[in-house]
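Data file: structure.cif. Format and content: mmCIF, C-alpha atoms and all ligand atoms.
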data_upload
#
loop_
_atom_site.group_PDB
_atom_site.id
_atom_site.type_symbol
_atom_site.label_atom_id
_atom_site.label_comp_id
_atom_site.auth_asym_id
_atom_site.auth_seq_id
_atom_site.Cartn_x
_atom_site.Cartn_y
_atom_site.Cartn_z
ATOM 1 C CA MET N 846 -8.140 -7.005 0.359
ATOM 2 C CA ARG N 847 -5.768 -4.912 -1.742
ATOM 3 C CA LEU N 848 -7.169 -1.925 -3.524
ATOM 4 C CA ILE N 849 -6.251 1.303 -5.249
ATOM 5 C CA LEU N 850 -8.294 4.505 -5.140
ATOM 6 C CA LEU N 851 -7.731 6.260 -8.438
ATOM 7 C CA ALA N 852 -9.105 9.786 -8.723
ATOM 8 C CA PRO N 853 -8.130 13.384 -9.441
ATOM 9 C CA PRO N 854 -6.998 15.785 -6.694
ATOM 10 C CA GLY N 855 -9.769 16.682 -4.271
ATOM 11 C CA ALA N 856 -12.063 13.880 -5.458
ATOM 12 C CA GLY N 857 -12.289 12.211 -2.057
ATOM 13 C CA LYS N 858 -9.597 9.506 -2.025
ATOM 14 C CA GLY N 859 -8.458 10.346 1.499
ATOM 15 C CA THR N 860 -12.018 10.741 2.795
ATOM 16 C CA GLN N 861 -13.146 7.396 1.409
ATOM 17 C CA ALA N 862 -9.920 5.609 2.386
ATOM 18 C CA GLU N 863 -10.412 6.624 6.028
ATOM 19 C CA LEU N 864 -13.965 5.217 5.967
ATOM 20 C CA ILE N 865 -12.829 1.965 4.348
ATOM 21 C CA GLU N 866 -9.975 1.659 6.847
ATOM 22 C CA GLN N 867 -12.355 1.980 9.790
ATOM 23 C CA LYS N 868 -14.943 -0.456 8.471
ATOM 24 C CA PHE N 869 -12.734 -3.110 6.869
ATOM 25 C CA ARG N 870 -9.620 -2.703 9.038
ATOM 26 C CA ILE N 871 -7.334 -2.274 6.045
ATOM 27 C CA ALA N 872 -4.254 -0.031 6.260
ATOM 28 C CA HIS N 873 -4.594 3.272 4.396
ATOM 29 C CA ILE N 874 -1.438 4.336 2.582
ATOM 30 C CA SER N 875 -1.417 7.820 1.077
ATOM 31 C CA THR N 876 1.750 8.775 -0.785
ATOM 32 C CA GLY N 877 0.716 12.434 -0.478
ATOM 33 C CA ASP N 878 0.552 12.149 3.342
ATOM 34 C CA LEU N 879 3.867 10.259 3.444
ATOM 35 C CA LEU N 880 5.546 12.878 1.260
ATOM 36 C CA ARG N 881 4.173 15.768 3.346
ATOM 37 C CA GLU N 882 5.520 14.042 6.455
ATOM 38 C CA ALA N 883 8.936 13.669 4.784
ATOM 39 C CA VAL N 884 8.892 17.361 3.811
ATOM 40 C CA LYS N 885 8.063 18.341 7.399
ATOM 41 C CA LYS N 886 10.859 16.200 8.804
ATOM 42 C CA GLY N 887 13.293 17.544 6.210
ATOM 43 C CA THR N 888 14.455 14.074 5.095
ATOM 44 C CA VAL N 889 16.302 13.579 1.774
ATOM 45 C CA PRO N 890 13.180 12.340 -0.075
ATOM 46 C CA GLY N 891 11.231 15.205 1.501
ATOM 47 C CA LEU N 892 13.701 17.813 0.269
ATOM 48 C CA LYS N 893 13.542 16.327 -3.234
ATOM 49 C CA ALA N 894 9.729 16.220 -3.207
ATOM 50 C CA LYS N 895 8.864 19.711 -1.989
ATOM 51 C CA LYS N 896 9.538 21.712 -5.134
ATOM 52 C CA TYR N 897 7.354 19.394 -7.230
ATOM 53 C CA MET N 898 4.508 19.336 -4.709
ATOM 54 C CA ASP N 899 4.451 23.131 -4.466
ATOM 55 C CA LYS N 900 4.022 23.377 -8.231
ATOM 56 C CA GLY N 901 1.362 20.650 -8.401
ATOM 57 C CA GLU N 902 3.655 18.362 -10.380
ATOM 58 C CA LEU N 903 4.513 14.736 -9.728
ATOM 59 C CA VAL N 904 7.480 13.860 -7.553
ATOM 60 C CA PRO N 905 9.968 11.664 -9.511
ATOM 61 C CA ASP N 906 8.964 7.996 -9.636
ATOM 62 C CA GLU N 907 12.078 6.704 -7.868
ATOM 63 C CA VAL N 908 11.409 8.823 -4.756
ATOM 64 C CA VAL N 909 7.825 7.593 -4.459
ATOM 65 C CA ILE N 910 8.583 3.972 -5.310
ATOM 66 C CA ASP N 911 11.178 3.657 -2.544
ATOM 67 C CA ILE N 912 8.629 4.991 -0.060
ATOM 68 C CA ILE N 913 5.845 2.694 -1.202
ATOM 69 C CA ARG N 914 8.030 -0.426 -1.357
ATOM 70 C CA ASP N 915 8.922 0.123 2.276
ATOM 71 C CA GLU N 916 5.323 0.714 3.321
ATOM 72 C CA ILE N 917 3.712 -2.332 1.738
ATOM 73 C CA LYS N 918 6.366 -4.951 2.282
ATOM 74 C CA ASP N 919 4.980 -6.187 5.611
ATOM 75 C CA LEU N 920 1.301 -5.633 4.920
ATOM 76 C CA TYR N 921 -1.102 -8.371 3.912
ATOM 77 C CA ASP N 922 -3.699 -5.927 2.630
ATOM 78 C CA PHE N 923 -3.864 -2.197 1.985
ATOM 79 C CA ILE N 924 -5.669 0.740 0.401
ATOM 80 C CA LEU N 925 -3.404 2.750 -1.884
ATOM 81 C CA ASP N 926 -4.436 6.411 -2.083
ATOM 82 C CA GLY N 927 -2.541 8.503 -4.630
ATOM 83 C CA PHE N 928 -0.349 5.662 -5.882
ATOM 84 C CA PRO N 929 0.262 4.640 -8.624
ATOM 85 C CA ARG N 930 0.061 7.872 -10.591
ATOM 86 C CA THR N 931 2.045 6.989 -13.714
ATOM 87 C CA LEU N 932 2.180 3.905 -15.927
ATOM 88 C CA GLU N 933 5.740 3.371 -14.746
ATOM 89 C CA GLN N 934 4.594 3.321 -11.098
ATOM 90 C CA ALA N 935 1.788 0.887 -11.965
ATOM 91 C CA LYS N 936 4.183 -1.516 -13.662
ATOM 92 C CA ILE N 937 6.618 -1.389 -10.766
ATOM 93 C CA LEU N 938 3.771 -2.013 -8.322
ATOM 94 C CA ASP N 939 2.818 -5.108 -10.349
ATOM 95 C CA LYS N 940 6.406 -6.322 -10.066
ATOM 96 C CA ILE N 941 6.607 -5.720 -6.305
ATOM 97 C CA LEU N 942 3.334 -7.580 -5.764
ATOM 98 C CA GLU N 943 4.403 -10.435 -8.020
ATOM 99 C CA GLU N 944 7.632 -10.850 -6.042
ATOM 100 C CA GLU N 945 5.572 -11.077 -2.857
ATOM 101 C CA GLU N 946 2.970 -13.367 -4.469
ATOM 102 C CA LYS N 947 0.201 -10.860 -3.825
ATOM 103 C CA ARG N 948 -2.407 -9.565 -6.246
ATOM 104 C CA LEU N 949 -4.621 -6.510 -6.494
ATOM 105 C CA ASP N 950 -8.318 -7.121 -5.894
ATOM 106 C CA THR N 951 -9.700 -3.928 -7.361
ATOM 107 C CA VAL N 952 -9.036 -0.410 -8.555
ATOM 108 C CA ILE N 953 -11.817 2.032 -7.745
ATOM 109 C CA GLU N 954 -11.999 5.138 -9.898
ATOM 110 C CA ILE N 955 -13.907 8.040 -8.294
ATOM 111 C CA GLN N 956 -15.226 10.412 -10.961
ATOM 112 C CA VAL N 957 -15.812 14.077 -10.096
ATOM 113 C CA PRO N 958 -16.184 17.036 -12.511
ATOM 114 C CA ASP N 959 -13.252 19.499 -12.546
ATOM 115 C CA GLU N 960 -15.193 22.502 -11.231
ATOM 116 C CA ARG N 961 -16.140 20.581 -8.068
ATOM 117 C CA LEU N 962 -12.546 19.521 -7.453
ATOM 118 C CA VAL N 963 -11.344 23.078 -6.988
ATOM 119 C CA LYS N 964 -14.152 23.903 -4.541
ATOM 120 C CA ARG N 965 -13.441 20.788 -2.516
ATOM 121 C CA SER N 966 -9.737 21.478 -2.361
ATOM 122 C CA VAL N 967 -9.828 25.168 -1.418
ATOM 123 C CA GLY N 968 -12.265 24.502 1.434
ATOM 124 C CA ARG N 969 -10.429 21.494 2.807
ATOM 125 C CA LEU N 970 -9.200 21.292 6.381
ATOM 126 C CA SER N 971 -6.694 18.537 7.115
ATOM 127 C CA CYS N 972 -5.547 16.850 10.305
ATOM 128 C CA LYS N 973 -2.259 15.125 10.953
ATOM 129 C CA CYS N 974 -4.155 11.966 12.000
ATOM 130 C CA GLY N 975 -5.351 11.542 8.390
ATOM 131 C CA GLU N 976 -8.914 12.859 8.803
ATOM 132 C CA VAL N 977 -10.069 15.433 6.260
ATOM 133 C CA TYR N 978 -12.879 17.933 6.629
ATOM 134 C CA HIS N 979 -14.415 20.654 4.494
ATOM 135 C CA GLU N 980 -15.491 24.103 5.633
ATOM 136 C CA ILE N 981 -18.928 23.642 4.020
ATOM 137 C CA TYR N 982 -19.422 20.030 2.915
ATOM 138 C CA ASN N 983 -18.032 18.270 5.971
ATOM 139 C CA PRO N 984 -17.262 20.661 8.841
ATOM 140 C CA PRO N 985 -15.846 19.443 12.158
ATOM 141 C CA ALA N 986 -18.120 19.654 15.236
ATOM 142 C CA ALA N 987 -15.901 22.302 16.869
ATOM 143 C CA GLU N 988 -14.429 24.923 14.550
ATOM 144 C CA GLY N 989 -10.846 24.180 13.556
ATOM 145 C CA ILE N 990 -10.535 21.065 15.747
ATOM 146 C CA CYS N 991 -10.413 17.421 14.640
ATOM 147 C CA ASP N 992 -13.411 15.371 15.846
ATOM 148 C CA ARG N 993 -11.335 12.228 16.004
ATOM 149 C CA CYS N 994 -8.145 13.291 17.784
ATOM 150 C CA GLY N 995 -8.707 16.857 19.076
ATOM 151 C CA GLU N 996 -5.732 18.327 17.181
ATOM 152 C CA LYS N 997 -5.826 21.676 15.403
ATOM 153 C CA LEU N 998 -6.777 21.458 11.714
ATOM 154 C CA TYR N 999 -4.630 23.055 9.022
ATOM 155 C CA LYS N 1000 -4.773 24.039 5.354
ATOM 156 C CA ARG N 1001 -2.442 22.275 2.950
ATOM 157 C CA GLU N 1002 0.004 24.508 1.070
ATOM 158 C CA ASP N 1003 -1.131 23.106 -2.304
ATOM 159 C CA ASP N 1004 -4.825 23.787 -1.599
ATOM 160 C CA ASN N 1005 -5.260 26.926 -3.650
ATOM 161 C CA ALA N 1006 -6.993 27.393 -7.003
ATOM 162 C CA GLU N 1007 -3.786 28.026 -8.962
ATOM 163 C CA THR N 1008 -1.977 24.873 -7.792
ATOM 164 C CA MET N 1009 -5.195 22.912 -8.188
ATOM 165 C CA TYR N 1010 -5.385 23.735 -11.907
ATOM 166 C CA SER N 1011 -1.865 22.454 -12.288
ATOM 167 C CA ARG N 1012 -2.630 19.286 -10.248
ATOM 168 C CA ILE N 1013 -5.712 18.558 -12.367
ATOM 169 C CA LYS N 1014 -3.681 19.050 -15.563
ATOM 170 C CA THR N 1015 -0.981 16.715 -14.252
ATOM 171 C CA TYR N 1016 -3.630 14.116 -13.387
ATOM 172 C CA LYS N 1017 -5.020 14.207 -16.924
ATOM 173 C CA MET N 1018 -1.630 13.933 -18.563
ATOM 174 C CA LYS N 1019 0.079 11.385 -16.341
ATOM 175 C CA THR N 1020 -2.525 9.432 -14.379
ATOM 176 C CA LEU N 1021 -5.551 9.051 -16.672
ATOM 177 C CA PRO N 1022 -3.811 6.374 -18.815
ATOM 178 C CA LEU N 1023 -3.990 4.096 -15.762
ATOM 179 C CA ILE N 1024 -7.736 3.771 -16.219
ATOM 180 C CA LYS N 1025 -7.251 1.878 -19.466
ATOM 181 C CA TYR N 1026 -4.406 -0.118 -17.909
ATOM 182 C CA TYR N 1027 -6.583 -1.452 -15.075
ATOM 183 C CA PHE N 1028 -9.677 -1.755 -17.261
ATOM 184 C CA THR N 1029 -7.716 -4.096 -19.527
ATOM 185 C CA LYS N 1030 -6.734 -6.141 -16.490
ATOM 186 C CA GLY N 1031 -10.451 -6.472 -15.660
ATOM 187 C CA ILE N 1032 -10.215 -5.005 -12.148
ATOM 188 C CA LEU N 1033 -11.455 -1.437 -12.678
ATOM 189 C CA LYS N 1034 -14.663 -0.250 -10.990
ATOM 190 C CA THR N 1035 -16.041 3.258 -11.411
ATOM 191 C CA VAL N 1036 -17.996 5.190 -8.810
ATOM 192 C CA ASN N 1037 -19.757 8.535 -9.238
ATOM 193 C CA GLY N 1038 -18.025 10.865 -6.763
ATOM 194 C CA ASP N 1039 -20.318 13.789 -7.494
ATOM 195 C CA GLN N 1040 -22.667 13.001 -4.602
ATOM 196 C CA ASP N 1041 -22.377 13.262 -0.849
ATOM 197 C CA ILE N 1042 -19.655 11.430 1.083
ATOM 198 C CA GLU N 1043 -21.996 8.783 2.560
ATOM 199 C CA ARG N 1044 -23.458 7.916 -0.815
ATOM 200 C CA VAL N 1045 -20.047 7.546 -2.439
ATOM 201 C CA TYR N 1046 -18.959 5.342 0.453
ATOM 202 C CA TRP N 1047 -22.093 3.212 0.174
ATOM 203 C CA LYS N 1048 -21.245 2.428 -3.472
ATOM 204 C CA ILE N 1049 -17.653 1.574 -2.594
ATOM 205 C CA GLU N 1050 -18.749 -0.614 0.305
ATOM 206 C CA LYS N 1051 -20.994 -2.581 -2.019
ATOM 207 C CA ILE N 1052 -18.067 -3.273 -4.359
ATOM 208 C CA LEU N 1053 -15.828 -4.342 -1.478
ATOM 209 C CA ASN N 1054 -18.447 -6.603 0.100
ATOM 210 C CA ARG N 1055 -18.859 -8.390 -3.206
ATOM 211 C CA ILE N 1056 -15.100 -8.949 -3.450
ATOM 212 C CA LYS N 1057 -14.958 -10.223 0.138
ATOM 213 C CA LYS N 1058 -17.590 -12.856 -0.612
ATOM 214 C CA ASP N 1059 -15.699 -14.284 -3.640
HETATM 215 P P1 LIG N 1101 -2.004 13.947 -2.658
HETATM 216 O O1 LIG N 1101 -1.911 14.292 -1.250
HETATM 217 O O2 LIG N 1101 -2.294 12.551 -3.048
HETATM 218 O O3 LIG N 1101 -3.072 14.915 -3.309
HETATM 219 P P2 LIG N 1101 -4.109 14.706 -4.474
HETATM 220 O O4 LIG N 1101 -4.029 13.522 -5.334
HETATM 221 O O5 LIG N 1101 -3.985 15.987 -5.189
HETATM 222 O O6 LIG N 1101 -5.441 14.438 -3.749
HETATM 223 P P3 LIG N 1101 -5.989 15.203 -2.517
HETATM 224 O O7 LIG N 1101 -5.388 14.687 -1.277
HETATM 225 O O8 LIG N 1101 -5.914 16.669 -2.792
HETATM 226 O O9 LIG N 1101 -7.538 14.833 -2.625
HETATM 227 P P4 LIG N 1101 -8.310 13.543 -2.150
HETATM 228 O O10 LIG N 1101 -8.775 12.833 -3.376
HETATM 229 O O11 LIG N 1101 -7.578 12.778 -1.129
HETATM 230 O O12 LIG N 1101 -9.597 14.266 -1.529
HETATM 231 P P5 LIG N 1101 -10.068 14.424 0.009
HETATM 232 O O13 LIG N 1101 -10.656 13.150 0.497
HETATM 233 O O14 LIG N 1101 -9.027 15.071 0.822
HETATM 234 O O15 LIG N 1101 -0.696 14.404 -3.407
HETATM 235 C C1 LIG N 1101 -0.141 15.672 -3.196
HETATM 236 C C2 LIG N 1101 1.132 15.841 -4.034
HETATM 237 O O16 LIG N 1101 2.102 14.851 -3.653
HETATM 238 C C3 LIG N 1101 0.951 15.643 -5.548
HETATM 239 O O17 LIG N 1101 0.537 16.822 -6.184
HETATM 240 C C4 LIG N 1101 2.342 15.194 -5.955
HETATM 241 O O18 LIG N 1101 3.210 16.302 -6.057
HETATM 242 C C5 LIG N 1101 2.813 14.360 -4.779
HETATM 243 N N1 LIG N 1101 2.501 12.920 -4.945
HETATM 244 C C6 LIG N 1101 1.642 12.165 -4.175
HETATM 245 N N2 LIG N 1101 1.617 10.889 -4.606
HETATM 246 C C7 LIG N 1101 2.479 10.824 -5.656
HETATM 247 C C8 LIG N 1101 2.872 9.782 -6.535
HETATM 248 N N3 LIG N 1101 2.369 8.554 -6.440
HETATM 249 N N4 LIG N 1101 3.782 10.073 -7.505
HETATM 250 C C9 LIG N 1101 4.307 11.311 -7.630
HETATM 251 N N5 LIG N 1101 3.971 12.351 -6.829
HETATM 252 C C10 LIG N 1101 3.065 12.109 -5.859
HETATM 253 O O19 LIG N 1101 -11.297 15.434 -0.222
HETATM 254 C C11 LIG N 1101 -11.064 16.771 -0.646
HETATM 255 C C12 LIG N 1101 -12.038 17.719 0.046
HETATM 256 O O20 LIG N 1101 -13.367 17.447 -0.400
HETATM 257 C C13 LIG N 1101 -12.105 17.570 1.577
HETATM 258 O O21 LIG N 1101 -12.324 18.828 2.121
HETATM 259 C C14 LIG N 1101 -13.324 16.656 1.825
HETATM 260 O O22 LIG N 1101 -13.942 16.894 3.074
HETATM 261 C C15 LIG N 1101 -14.225 17.041 0.658
HETATM 262 N N6 LIG N 1101 -15.014 15.921 0.128
HETATM 263 C C16 LIG N 1101 -14.611 14.632 -0.075
HETATM 264 N N7 LIG N 1101 -15.589 13.896 -0.626
HETATM 265 C C17 LIG N 1101 -16.651 14.751 -0.789
HETATM 266 C C18 LIG N 1101 -17.969 14.579 -1.313
HETATM 267 N N8 LIG N 1101 -18.393 13.409 -1.794
HETATM 268 N N9 LIG N 1101 -18.787 15.666 -1.318
HETATM 269 C C19 LIG N 1101 -18.372 16.880 -0.843
HETATM 270 N N10 LIG N 1101 -17.135 17.093 -0.329
HETATM 271 C C20 LIG N 1101 -16.279 16.032 -0.304
HETATM 272 MG MG MG N 1102 -5.687 12.994 -0.211
HETATM 273 ZN ZN ZN N 1103 -7.186 14.291 13.827
#

Please re-express this file's structure in structure tokens.
Ligand code: AP5
Ligand code: MG
Ligand code: ZN
Amino acid sequence: MRLILLAPPGAGKGTQAELIEQKFRIAHISTGDLLREAVKKGTVPGLKAKKYMDKGELVPDEVVIDIIRDEIKDLYDFILDGFPRTLEQAKILDKILEEEEKRLDTVIEIQVPDERLVKRSVGRLSCKCGEVYHEIYNPPAAEGICDRCGEKLYKREDDNAETMYSRIKTYKMKTLPLIKYYFTKGILKTVNGDQDIERVYWKIEKILNRIKKD
């Protein structure tokens, strides 16, 4: 199965992608995680990306597209989390998939009101293994330690209210048009993300099980 999780910052893309990955055994690709890794390693794409990420703006398409092309070329199926984020990226993804004779099965939009997004982001605790927690909504069993891998949890640099407002604004300007794009293609599904993690996952699982049967 090939799917996209389309949602504003802090809506739960990473959380849901990890659950889908475990249950359906589909690779989870997060451009945000890949970019943060590049920043940490100090690679050329990482150096280019940092200043945009710090401001809550989008990294230039060409930087992200090169990364994604590399990631998906050998994969049969995947969950894309945080990509595409512009119409240009969506069109290039279509082209890459066409060249490889692959097609997207679904795009799942997770809807969450703005005021919740900020609360989710500022309380987030991240782990380098990809797991995400929340100080209140989804705390780890031992404070500050990842349940899955035992590593120390950290706070992302862009998880503050000020950068969040900018990230939400960027989402509305640049990414929202993708909803119409995928709706027109007939592959858009919408899930209410303003409920607990298990319930959101249950809805997504139902959509994916239906696709698997077809
Ligand atoms: P990226 O890392 O993708 O960040 P984002 O889109 O802002 O999304 P987040 O990772 O903040 O949120 P999420 O939806 O994954 O939520 P999560 O599951 O963690 O991108 C970062 C930056 O990289 C961008 O700003 C941009 O600069 C750059 N970038 C990345 N991709 C790019 C691209 N394609 N093009 C250009 N630039 C790009 O959940 C959030 C919190 O809420 C957690 O604490 C979690 O425990 C909690 N939570 C989750 N679900 C629930 C729930 N149902 N109820 C209560 N709490 C919940
Ligand atoms: Mg994420
Ligand atoms: Zn971990």

Excluding same-chain residues fewer than 6 positions from N:Gln1040, what lies within 12 Å of it counting all atoms listed in the file, as a PyMOL selection string? chain N and resi 856-857+955-958+961+982+1046-1048

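Of the residues under consideration (N:Leu962, N:Leu1053, N:Ala1006, N:Thr951), N:Thr951 shows the shortest atom-to-atom contact distance to N:Leu1033 when counting all atoms listed in the file.
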
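With all atoms listed in the file as the atoms that count, the residue of N:Ile953, N:Ile871, N:Ile913, N:Leu970 with the shortest distance to N:Lys1051 is N:Ile953.
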
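Take the candidates N:Glu1043, N:Asp878, N:Glu916, N:Asp1059 and check each one against ligand MG 1102 (chain N) using only C-alpha atoms and all ligand atoms; the shortest distance goes to N:Asp878.
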
With the file shown as input, list the residues that the PyMOL selection byres (((not hetatm)) within 7 of (chain N and resi 1102)) selects, as a count of residues only. 7

Would you write out, as a list in words, every residue that the PyMOL selection byres (((chain N and resi 1009) around 10) and not hetatm) captures in this file?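 The output of the PyMOL selection byres (((chain N and resi 1009) around 10) and not hetatm) on this file is Pro854, Gly855, Lys900, Gly901, Asp959, Leu962, Val963, Lys964, Ser966, Val967, Asp1003, Asp1004, Asn1005, Ala1006, Glu1007, Thr1008, Tyr1010, Ser1011, Arg1012, Ile1013, Lys1014 and Thr1015 of chain N.
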
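Taken over the shown file, the PyMOL selection byres (((not hetatm)) within 8 of (chain N and resi 1103)) identifies Ser971, Cys972, Lys973, Cys974, Gly975, Glu976, Ile990, Cys991, Asp992, Arg993, Cys994, Gly995, Glu996, Lys997 and Leu998 of chain N.
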
Would you mind telling me which residue in N:Ile910, N:Ile941, N:Met1018, N:Leu880 lies nearest to N:Met898 when using all atoms listed in the file? N:Leu880

Pick from N:Asp1039, N:Ala883, N:Arg914, N:Leu932, whichever lies nearest to ligand LIG 1101 (chain N) using only C-alpha atoms and all ligand atoms: N:Asp1039

Counting only C-alpha atoms, what is within 12 Å of N:Asp915, bar same-chain residues fewer than 5 positions away, as a ChimeraX atom specification? /N:874,876,879,908-910,920,938,941

I need the residue nearest N:Glu866 from this list: N:Arg847, N:Arg1055, N:Arg969, N:Arg881. Use only C-alpha atoms for the distance. N:Arg847

Taking (-14.5, 0.8, 8.1) as a centre in this file's frame and 12 Å as the limit, can you find every polymer residue with an atom that close, using only C-alpha atoms, and give them as a PyMOL selection string? chain N and resi 860-873+924+1046-1047+1049-1050+1053-1054

Find the smallest box with edges along x, y and z containing every listed atom of ligand LIG 1101 (chain N), then add 3 Å on each side and report centre and edge lengths in Å to one decimal, as JSON.
{"center_x": -7.2, "center_y": 13.7, "center_z": -2.3, "size_x": 29.1, "size_y": 16.3, "size_z": 16.7}
